[in-house]
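target-v2.txt follows; it contains compact mmCIF, C-alpha atoms and all ligand atoms.
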# COMPACT_ATOMS: atom_id res chain seq x y z
CA MET A 176 159.97 270.05 -17.97
CA ASN A 177 157.36 271.81 -20.07
CA GLY A 178 157.00 268.70 -22.18
CA LEU A 179 156.30 266.60 -19.09
CA LEU A 180 153.85 269.07 -17.59
CA GLY A 181 152.13 269.53 -20.93
CA ASN A 182 151.31 265.84 -21.11
CA SER A 183 147.72 265.72 -19.89
CA THR A 184 147.97 261.98 -19.29
CA LEU A 185 150.02 262.87 -16.20
CA ILE A 186 147.06 264.75 -14.75
CA SER A 187 144.66 262.38 -13.14
CA GLU A 188 141.08 262.37 -14.32
CA VAL A 189 140.12 263.02 -10.71
CA ASN A 190 141.93 266.36 -10.73
CA LEU A 191 140.37 267.30 -14.06
CA ARG A 192 136.91 266.58 -12.68
CA LEU A 193 137.71 268.60 -9.59
CA MET A 194 138.74 271.57 -11.73
CA LEU A 195 135.74 271.28 -14.04
CA GLN A 196 133.42 271.12 -11.03
CA SER A 197 135.18 274.10 -9.48
CA VAL A 198 134.76 276.21 -12.63
CA ARG A 199 131.08 275.19 -12.86
CA VAL A 200 130.38 276.32 -9.31
CA MET A 201 132.18 279.67 -9.58
CA GLN A 202 131.87 280.50 -13.27
CA PRO A 203 132.93 282.72 -14.85
CA THR A 204 136.14 282.51 -12.86
CA TYR A 205 139.92 282.81 -12.97
CA ARG A 206 142.55 280.07 -12.88
CA SER A 207 143.85 281.49 -9.59
CA ALA A 208 140.38 281.05 -8.02
CA VAL A 209 140.25 277.43 -9.25
CA ALA A 210 143.61 276.78 -7.57
CA ARG A 211 142.37 278.26 -4.28
CA HIS A 212 139.05 276.41 -4.47
CA THR A 213 140.50 272.98 -5.29
CA GLY A 214 143.68 273.27 -3.21
CA LEU A 215 145.68 272.17 -6.27
CA SER A 216 148.94 273.89 -7.19
CA ARG A 217 148.87 276.68 -9.79
CA ALA A 218 151.04 274.58 -12.11
CA THR A 219 148.60 271.65 -11.91
CA VAL A 220 145.65 273.97 -12.54
CA THR A 221 147.39 275.57 -15.54
CA VAL A 222 148.03 272.18 -17.14
CA GLY A 223 144.60 270.81 -16.22
CA VAL A 224 142.72 273.86 -17.49
CA ASN A 225 144.66 273.70 -20.77
CA ALA A 226 143.68 270.03 -21.14
CA LEU A 227 140.01 270.91 -20.50
CA LEU A 228 140.19 273.78 -23.00
CA GLU A 229 141.71 271.38 -25.53
CA ARG A 230 138.82 268.95 -24.94
CA ASN A 231 136.47 271.87 -25.54
CA VAL A 232 134.62 271.37 -22.23
CA LEU A 233 135.92 274.70 -20.91
CA GLU A 234 136.04 277.97 -22.80
CA GLU A 235 137.71 281.32 -22.19
CA ILE A 236 135.93 284.65 -22.24
CA ASP A 237 137.06 288.24 -21.75
CA ALA A 238 136.21 289.88 -18.46
CA ALA A 239 133.43 292.48 -18.72
CA ALA A 240 134.99 294.54 -15.92
CA PRO A 241 138.74 295.23 -15.75
CA ALA A 242 140.51 292.09 -14.48
CA PRO A 243 142.80 292.28 -11.43
CA ARG A 244 146.04 294.04 -12.50
CA ARG A 245 149.06 291.86 -12.73
CA ALA A 246 152.12 293.02 -10.83
CA SER A 247 154.20 291.95 -13.84
CA GLY A 248 152.07 294.17 -16.09
CA GLY A 249 151.40 291.25 -18.46
CA ARG A 250 148.23 290.46 -20.41
CA PRO A 251 145.19 290.36 -18.05
CA PRO A 252 143.96 286.81 -17.40
CA ARG A 253 140.81 285.66 -19.18
CA LEU A 254 137.81 284.14 -17.43
CA LEU A 255 136.89 280.46 -17.62
CA ARG A 256 133.48 278.90 -17.94
CA VAL A 257 132.04 275.50 -18.85
CA ASN A 258 131.25 275.15 -22.54
CA ALA A 259 127.67 273.97 -21.97
CA ARG A 260 127.19 273.14 -25.66
CA ALA A 261 130.29 270.92 -25.96
CA LYS A 262 128.30 267.74 -25.41
CA GLN A 263 124.83 266.71 -24.37
CA VAL A 264 123.42 264.31 -21.81
CA LEU A 265 120.45 262.01 -22.09
CA ALA A 266 118.61 261.77 -18.78
CA ILE A 267 116.19 258.89 -18.30
CA ASP A 268 113.71 258.71 -15.44
CA ILE A 269 111.77 255.50 -14.93
CA GLU A 270 108.89 256.01 -12.55
CA PRO A 271 106.42 253.15 -12.14
CA ASP A 272 103.64 255.09 -13.87
CA CYS A 273 105.63 257.33 -16.20
CA LEU A 274 108.75 257.37 -18.37
CA ARG A 275 110.60 260.67 -18.80
CA VAL A 276 113.50 261.37 -21.11
CA ALA A 277 115.33 264.69 -21.24
CA LEU A 278 118.16 265.94 -23.38
CA THR A 279 120.30 268.42 -21.45
CA ASP A 280 123.43 270.45 -22.03
CA MET A 281 126.61 269.98 -19.98
CA LEU A 282 125.17 272.16 -17.20
CA ALA A 283 122.04 270.01 -16.94
CA HIS A 284 119.78 272.65 -18.49
CA PRO A 285 117.00 270.70 -20.21
CA LEU A 286 116.84 271.26 -23.98
CA GLU A 287 113.75 269.10 -24.27
CA VAL A 288 111.75 266.79 -22.01
CA ARG A 289 109.40 264.08 -23.25
CA GLU A 290 107.30 261.71 -21.20
CA CYS A 291 104.82 258.92 -21.66
CA PRO A 292 102.58 257.15 -19.17
CA ILE A 293 103.16 253.42 -18.61
CA ASP A 294 101.39 250.60 -16.84
CA ARG A 295 103.67 249.64 -13.96
CA ARG A 296 102.44 246.03 -14.17
CA GLU A 297 103.66 245.67 -17.75
CA GLY A 298 106.68 243.46 -18.52
CA SER A 299 110.12 245.08 -18.43
CA ARG A 300 110.95 244.38 -22.09
CA ARG A 301 108.00 246.37 -23.41
CA ILE A 302 108.70 249.27 -21.06
CA VAL A 303 112.40 249.35 -22.00
CA ARG A 304 111.50 249.25 -25.69
CA ARG A 305 109.27 252.32 -25.27
CA LEU A 306 111.99 254.01 -23.28
CA LEU A 307 114.57 253.47 -26.03
CA GLU A 308 112.13 254.69 -28.68
CA LEU A 309 111.47 257.83 -26.63
CA GLY A 310 115.23 258.44 -26.28
CA GLN A 311 115.89 257.83 -29.97
CA SER A 312 113.10 260.19 -31.03
CA ILE A 313 114.44 263.03 -28.86
CA LEU A 314 118.01 262.51 -30.16
CA LYS A 315 116.81 262.45 -33.75
CA ALA A 316 114.89 265.70 -33.22
CA HIS A 317 118.16 267.31 -32.09
CA GLY A 318 120.30 266.00 -34.95
CA ASN A 319 121.81 263.02 -33.03
CA PRO A 320 124.18 265.08 -30.85
CA ASP A 321 127.47 263.89 -29.37
CA LEU A 322 126.51 262.38 -26.00
CA LEU A 323 128.68 262.78 -22.92
CA GLY A 324 126.68 259.98 -21.34
CA VAL A 325 123.29 258.68 -20.29
CA GLY A 326 121.94 258.80 -16.75
CA ILE A 327 119.17 256.48 -15.57
CA CYS A 328 117.02 257.15 -12.53
CA LEU A 329 115.43 253.93 -11.25
CA PRO A 330 112.84 252.96 -8.66
CA GLY A 331 113.37 250.05 -6.29
CA LEU A 332 116.54 248.05 -5.70
CA ILE A 333 119.45 248.11 -8.13
CA ASP A 334 122.83 246.43 -8.63
CA ARG A 335 125.10 249.26 -9.80
CA GLU A 336 128.10 246.99 -10.23
CA ASN A 337 126.36 244.77 -12.76
CA GLY A 338 123.98 247.39 -14.14
CA LEU A 339 120.79 245.62 -13.08
CA ALA A 340 117.36 246.89 -12.03
CA VAL A 341 116.93 244.16 -9.39
CA SER A 342 113.33 244.60 -8.21
CA SER A 343 110.70 247.15 -7.30
CA THR A 344 107.54 246.64 -5.26
CA ASN A 345 105.91 249.23 -7.55
CA MET A 346 106.96 247.42 -10.77
CA PRO A 347 106.29 243.78 -9.88
CA ARG A 348 107.43 242.28 -13.22
CA TRP A 349 110.92 243.81 -13.10
CA ARG A 350 113.50 241.22 -11.99
CA ASN A 351 117.24 241.64 -12.62
CA VAL A 352 116.71 243.66 -15.83
CA PRO A 353 120.12 244.37 -17.48
CA ILE A 354 119.10 247.99 -18.03
CA ARG A 355 122.60 249.45 -18.29
CA ARG A 356 123.66 247.09 -21.11
CA MET A 357 120.39 247.65 -23.00
CA VAL A 358 120.72 251.44 -22.84
CA GLU A 359 124.46 251.38 -23.60
CA GLU A 360 123.84 249.29 -26.72
CA ALA A 361 121.05 251.57 -27.89
CA PHE A 362 122.85 254.90 -27.46
CA GLY A 363 126.56 253.97 -27.66
CA ALA A 364 127.49 256.19 -24.71
CA PRO A 365 128.58 255.51 -21.12
CA VAL A 366 125.62 254.87 -18.83
CA HIS A 367 125.35 255.75 -15.13
CA MET A 368 122.45 254.55 -13.05
CA ASP A 369 121.23 255.18 -9.52
CA ARG A 370 118.17 255.07 -7.33
CA SER A 371 115.77 257.99 -7.62
CA MET A 372 116.23 259.33 -4.06
CA ASN A 373 120.02 259.34 -4.39
CA LEU A 374 119.82 261.22 -7.67
CA ALA A 375 117.45 263.73 -6.07
CA ALA A 376 120.10 264.31 -3.35
CA LEU A 377 122.87 264.62 -5.97
CA HIS A 378 120.73 267.11 -7.86
CA GLU A 379 120.40 269.28 -4.74
CA TRP A 380 124.18 269.09 -4.20
CA TRP A 381 124.70 270.09 -7.87
CA LEU A 382 122.44 273.12 -7.40
CA HIS A 383 123.72 274.04 -3.92
CA PRO A 384 127.45 273.24 -3.64
CA GLU A 385 127.48 274.57 -0.07
CA LEU A 386 125.75 271.28 0.91
CA GLU A 387 129.11 269.57 0.34
CA SER A 388 130.10 270.38 3.93
CA CYS A 389 126.73 269.32 5.42
CA ARG A 390 124.84 266.19 6.39
CA VAL A 391 121.67 266.15 4.33
CA VAL A 392 118.64 263.90 4.55
CA LEU A 393 116.35 263.98 1.54
CA LEU A 394 112.85 262.52 1.58
CA SER A 395 111.79 261.62 -1.96
CA LEU A 396 108.03 261.41 -2.37
CA ARG A 397 107.17 259.88 -5.73
CA THR A 398 105.23 256.75 -6.62
CA GLY A 399 107.26 255.24 -3.78
CA ILE A 400 108.89 256.96 -0.79
CA GLY A 401 112.66 256.90 -0.35
CA LEU A 402 115.28 258.52 1.84
CA SER A 403 118.79 259.51 0.88
CA LEU A 404 121.48 260.38 3.42
CA MET A 405 124.33 262.46 2.06
CA ASP A 406 127.17 262.98 4.51
CA ARG A 407 129.43 265.81 3.30
CA GLY A 408 129.03 264.96 -0.36
CA GLN A 409 129.04 261.16 0.06
CA ILE A 410 125.84 259.16 -0.24
CA TYR A 411 125.39 256.47 2.40
CA ARG A 412 124.27 253.38 0.47
CA GLY A 413 124.05 250.52 2.96
CA ARG A 414 124.52 246.88 1.99
CA GLN A 415 123.87 246.25 -1.71
CA ASP A 416 122.80 249.86 -2.23
CA SER A 417 119.61 249.08 -0.36
CA SER A 418 119.48 251.78 2.33
CA GLY A 419 116.75 254.42 2.42
CA GLU A 420 113.60 252.28 2.28
CA ILE A 421 111.73 254.62 4.62
CA GLY A 422 108.55 253.98 2.62
CA HIS A 423 108.46 250.50 4.12
CA THR A 424 109.02 251.48 7.72
CA VAL A 425 105.91 250.70 9.74
CA ILE A 426 104.05 253.65 11.17
CA ASP A 427 100.80 251.89 12.08
CA ILE A 428 100.98 248.25 13.15
CA HIS A 429 97.21 248.00 12.61
CA GLY A 430 97.42 249.73 9.20
CA PRO A 431 96.44 248.33 5.78
CA PRO A 432 98.51 245.68 3.98
CA CYS A 433 101.40 246.90 1.83
CA GLU A 434 102.62 245.51 -1.51
CA CYS A 435 105.96 244.70 0.15
CA GLY A 436 104.20 242.05 2.26
CA GLY A 437 104.25 244.20 5.40
CA GLN A 438 101.46 246.11 7.06
CA GLY A 439 100.90 249.79 7.83
CA CYS A 440 104.01 251.00 5.96
CA LEU A 441 104.43 254.74 5.35
CA GLU A 442 103.75 254.14 1.63
CA CYS A 443 100.26 252.86 2.48
CA PHE A 444 99.41 256.44 3.53
CA VAL A 445 101.40 258.88 1.41
CA SER A 446 102.47 257.23 -1.87
CA THR A 447 101.03 258.48 -5.16
CA ARG A 448 98.78 255.43 -5.22
CA ALA A 449 97.54 255.97 -1.66
CA VAL A 450 96.83 259.67 -2.29
CA THR A 451 95.01 258.87 -5.55
CA ALA A 452 92.93 256.18 -3.82
CA ARG A 453 91.93 258.62 -1.08
CA GLY A 454 91.04 261.19 -3.74
CA GLN A 455 88.88 258.59 -5.48
CA ARG A 456 86.99 257.98 -2.23
CA LEU A 457 86.32 261.75 -2.05
CA VAL A 458 85.03 261.70 -5.63
CA ASP A 459 82.76 258.72 -4.83
CA GLN A 460 81.41 260.42 -1.70
CA GLU A 461 80.80 263.74 -3.46
CA PRO A 462 80.15 263.13 -7.17
CA GLY A 463 79.21 266.81 -7.61
CA GLY A 464 82.16 268.13 -5.55
CA ARG A 465 85.01 270.28 -6.82
CA LEU A 466 87.46 267.38 -7.09
CA ALA A 467 84.98 265.32 -9.13
CA GLN A 468 84.46 268.31 -11.45
CA ALA A 469 88.21 268.89 -11.75
CA VAL A 470 88.76 265.25 -12.74
CA VAL A 471 86.10 265.51 -15.45
CA ALA A 472 87.73 268.70 -16.78
CA ASP A 473 91.34 267.44 -16.55
CA PRO A 474 91.51 263.63 -16.22
CA PRO A 475 92.84 261.37 -14.81
CA LEU A 476 92.65 261.75 -11.04
CA ARG A 477 96.21 262.32 -9.78
CA PRO A 478 97.75 263.81 -6.64
CA GLN A 479 98.65 267.12 -8.35
CA LEU A 480 94.96 267.78 -8.93
CA ILE A 481 94.24 267.25 -5.22
CA TYR A 482 97.14 269.51 -4.22
CA ARG A 483 96.00 272.23 -6.61
CA LEU A 484 92.49 272.25 -5.14
CA ALA A 485 93.84 272.09 -1.60
CA LYS A 486 95.95 275.20 -2.28
CA SER A 487 92.96 277.01 -3.73
CA GLY A 488 91.06 276.41 -0.47
CA ASP A 489 88.84 273.39 -1.18
CA PRO A 490 88.11 272.13 2.37
CA ALA A 491 87.87 268.39 1.51
CA CYS A 492 91.16 268.35 -0.45
CA GLU A 493 92.83 270.55 2.15
CA ALA A 494 91.86 268.14 4.94
CA LEU A 495 93.22 265.23 2.87
CA VAL A 496 96.54 266.97 2.21
CA ARG A 497 96.90 268.01 5.85
CA ASP A 498 96.42 264.39 6.88
CA ILE A 499 99.09 263.26 4.40
CA ALA A 500 101.36 266.02 5.72
CA ARG A 501 100.97 264.62 9.25
CA TYR A 502 102.34 261.25 8.08
CA ILE A 503 105.20 262.96 6.26
CA GLY A 504 105.88 264.96 9.39
CA ILE A 505 106.13 261.75 11.45
CA ALA A 506 108.52 260.23 8.90
CA ALA A 507 110.61 263.40 8.79
CA SER A 508 110.85 263.67 12.57
CA ASN A 509 111.81 259.98 12.82
CA ALA A 510 114.55 260.59 10.22
CA ILE A 511 115.80 263.67 12.09
CA ASN A 512 115.89 261.81 15.42
CA LEU A 513 117.75 258.87 13.87
CA LEU A 514 120.21 260.68 11.61
CA ALA A 515 120.61 264.22 13.03
CA PRO A 516 121.15 265.96 9.69
CA ASP A 517 122.04 269.65 9.16
CA HIS A 518 119.28 269.89 6.54
CA LEU A 519 116.15 267.90 5.74
CA LEU A 520 114.94 268.27 2.15
CA ILE A 521 111.65 267.09 0.69
CA ALA A 522 111.55 266.35 -3.04
CA GLY A 523 108.98 264.91 -5.39
CA SER A 524 105.50 265.61 -6.69
CA ILE A 525 104.15 266.41 -3.24
CA ASP A 526 106.12 269.66 -3.23
CA THR A 527 103.36 271.18 -5.36
CA ALA A 528 101.43 271.27 -2.08
CA ASP A 529 104.42 272.82 -0.31
CA THR A 530 102.83 275.61 1.68
CA ILE A 531 100.13 273.41 3.20
CA ILE A 532 102.63 270.68 4.06
CA LEU A 533 105.07 273.14 5.62
CA ASP A 534 102.22 274.62 7.71
ZN ZN A 601 105.70 248.15 2.69

Reformat the file's structure so that it appears as structure tokens.
Amino acid sequence: MNGLLGNSTLISEVNLRLMLQSVRVMQPTYRSAVARHTGLSRATVTVGVNALLERNVLEEIDAAAPAPRRASGGRPPRLLRVNARAKQVLAIDIEPDCLRVALTDMLAHPLEVRECPIDRREGSRRIVRRLLELGQSILKAHGNPDLLGVGICLPGLIDRENGLAVSSTNMPRWRNVPIRRMVEEAFGAPVHMDRSMNLAALHEWWLHPELESCRVVLLSLRTGIGLSLMDRGQIYRGRQDSSGEIGHTVIDIHGPPCECGGQGCLECFVSTRAVTARGQRLVDQEPGGRLAQAVVADPPLRPQLIYRLAKSGDPACEALVRDIARYIGIAASNAINLLAPDHLLIAGSIDTADTIILD
């Protein structure tokens, strides 16, 4: 019997993941707590935890305080925690104007983050080449560590089944780029890819496990605007993973033309590009104003600069941010009316203006 139970191939990978996740959320913790948390039997947890210890992804530590006494009077149980240093993860974020690559430990703590600006109108091959170089340089600097995997955060539409970046209104020269294969070949590790708003929602769930029992709507405000709906831990993806294009919902039928071919889309008012363009108009109107001076001191003009001045009380920037916040408020209230979530989260660069927007 022991021989059968000891064979970790009998324990499904799903159960192992469940146990690993459970330890991560509660760590440091006891085997008995993992059994209660996962609903798995004690025998299954014992075998699974041993398999995870053998793989070196869990480690045992002694309890600082006296552990619960055992009725049998045996050796007190040791605590479990994730061995964050067992492997590392390469995290890649492709934003239309910026590439970011981070090396993290198993608990997603960044060990190093590097970024480089890109021209979103450039061809995909050149951008991917720079991305791979950035990844290789960060791995080399850390002694080419053993990678658990690579995660890619992508803008626009994707085909997860075939590993393609299908298209993005913000990166017009990207068409069916086989990004997963290219990254897999370069780093020799399993690659997972998803859309940026879905990964932002997963990140919140990772940080706040209590969201698992909730319906969460996340508004992602980056170069583009996306929405992710997570219903009790499951992301709603729509046909061909294409749900969540709130940035291209029309909020002003008489509004300016949008790159998607529509008119008056939300992105025409609150995207990075729209905010920067409005900031530029402020600079042009007031060449001696605080924003113009800030751009000279810390170029280029970008939304963060506008938010920083708005927070420090500059009336022109504050009025601009409040106007943007009104559009975000309309989008958020539309999302709440449509989807009735328990929580609405806002993520992205605009959160640096948080207090003004929340007002
Ligand atoms: Zn549009």

**OP:** Please identify the residues whose atoms come within 7 Å of ligand ZN 601 (chain A), using all atoms listed in the file, and report them as a list in words.
**Re:**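 Final answer, ordered by chain and number: Gly422, His423, Thr424, Cys433, Glu434, Cys435, Gly436, Gly437, Gln438, Cys440 and Glu442 of chain A.
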
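From atom CA of A:His518 back to atom CA of A:Val392, the distance works out to 6.3 Å.
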
Original post:
How many Å lie between atom CA of A:Gly338 and atom CA of A:Ala259, rounded to one decimal?
Top reply: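 One can read the atom CA of A:Gly338 to atom CA of A:Ala259 distance as 28.0 Å.
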
**OP:** For atom CA of A:Leu332 and atom CA of A:Asp268, quote the distance in Å rounded to one decimal.
**Re:** 14.7 Å

Subject >> Spatial neighbours of A:Ser395, max dist 10 Å, only C-alpha atoms, sep filter under 5 positions, as number ranges by chain >> reply: A: 371-376, 400-403, 419, 421-422, 520-526

**OP:** Find the residues near stretch 289-303 of chain A: any atom within 8 Å, counting all atoms listed in the file, skip ones fewer than 6 places away on the same chain, and give them as a ChimeraX atom specification.
**Re:** /A:271-277,309,313,345-349,352,354

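For A:Leu282, the non-local neighbours within 10 Å, defined as residues at least 3 positions apart in the same chain or in other chains and counting all atoms listed in the file, are Arg199, Val257, Asn258, Ala259, Arg260, Lys262, Gln263, Val264, Thr279, Pro285 and Trp381 of chain A.
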
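Take the candidates A:Met201, A:Cys328, A:Val358, A:Ile505 and check each one against A:His378 using all atoms listed in the file; the shortest distance goes to A:Cys328.
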
Determine the axis-aligned bounding box of all atoms of stretch 495-508 of chain A present in the file, pad each side by 3 Å, and express its centre and edge lengths in Å to one decimal place as AutoDock Vina command-line options.
--center_x 102.0 --center_y 264.1 --center_z 7.4 --size_x 23.6 --size_y 13.8 --size_z 16.4

Original post:
Given the choices A:Ser417, A:Ser388, A:Gln311, A:Asn190, which gets closest to A:Ile333 if the distance is worked out from only C-alpha atoms?
Top reply: A:Ser417

Original post:
Pick the closest to A:Gln415 from A:His383, A:Arg350, A:Arg370, A:Arg206: which is it, counting only C-alpha atoms?
Top reply: A:Arg370

**OP:** Have a look at A:Leu466, A:Leu404, A:Ala452, A:Leu457 and name the one nearest to A:Leu514; count all atoms listed in the file.
**Re:** A:Leu404

Subject >> Selection: 7 Å around A:Gly326, all atoms listed in the file, excl. self and same-chain fewer than 2 positions, as a ChimeraX atom specification >> reply: /A:265-267,324,328,366-368

Now that the selection is made, can you save its residues with C-alpha atoms as a short mmCIF file (atom, residue, chain, number, x, y, z; two decimals), in the frame of the given file?
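Saved to again.cif:
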data_model
loop_
_atom_site.label_atom_id
_atom_site.label_comp_id
_atom_site.auth_asym_id
_atom_site.auth_seq_id
_atom_site.Cartn_x
_atom_site.Cartn_y
_atom_site.Cartn_z
CA LEU A 265 120.45 262.01 -22.09
CA ALA A 266 118.61 261.77 -18.78
CA ILE A 267 116.19 258.89 -18.30
CA GLY A 324 126.68 259.98 -21.34
CA CYS A 328 117.02 257.15 -12.53
CA VAL A 366 125.62 254.87 -18.83
CA HIS A 367 125.35 255.75 -15.13
CA MET A 368 122.45 254.55 -13.05
#
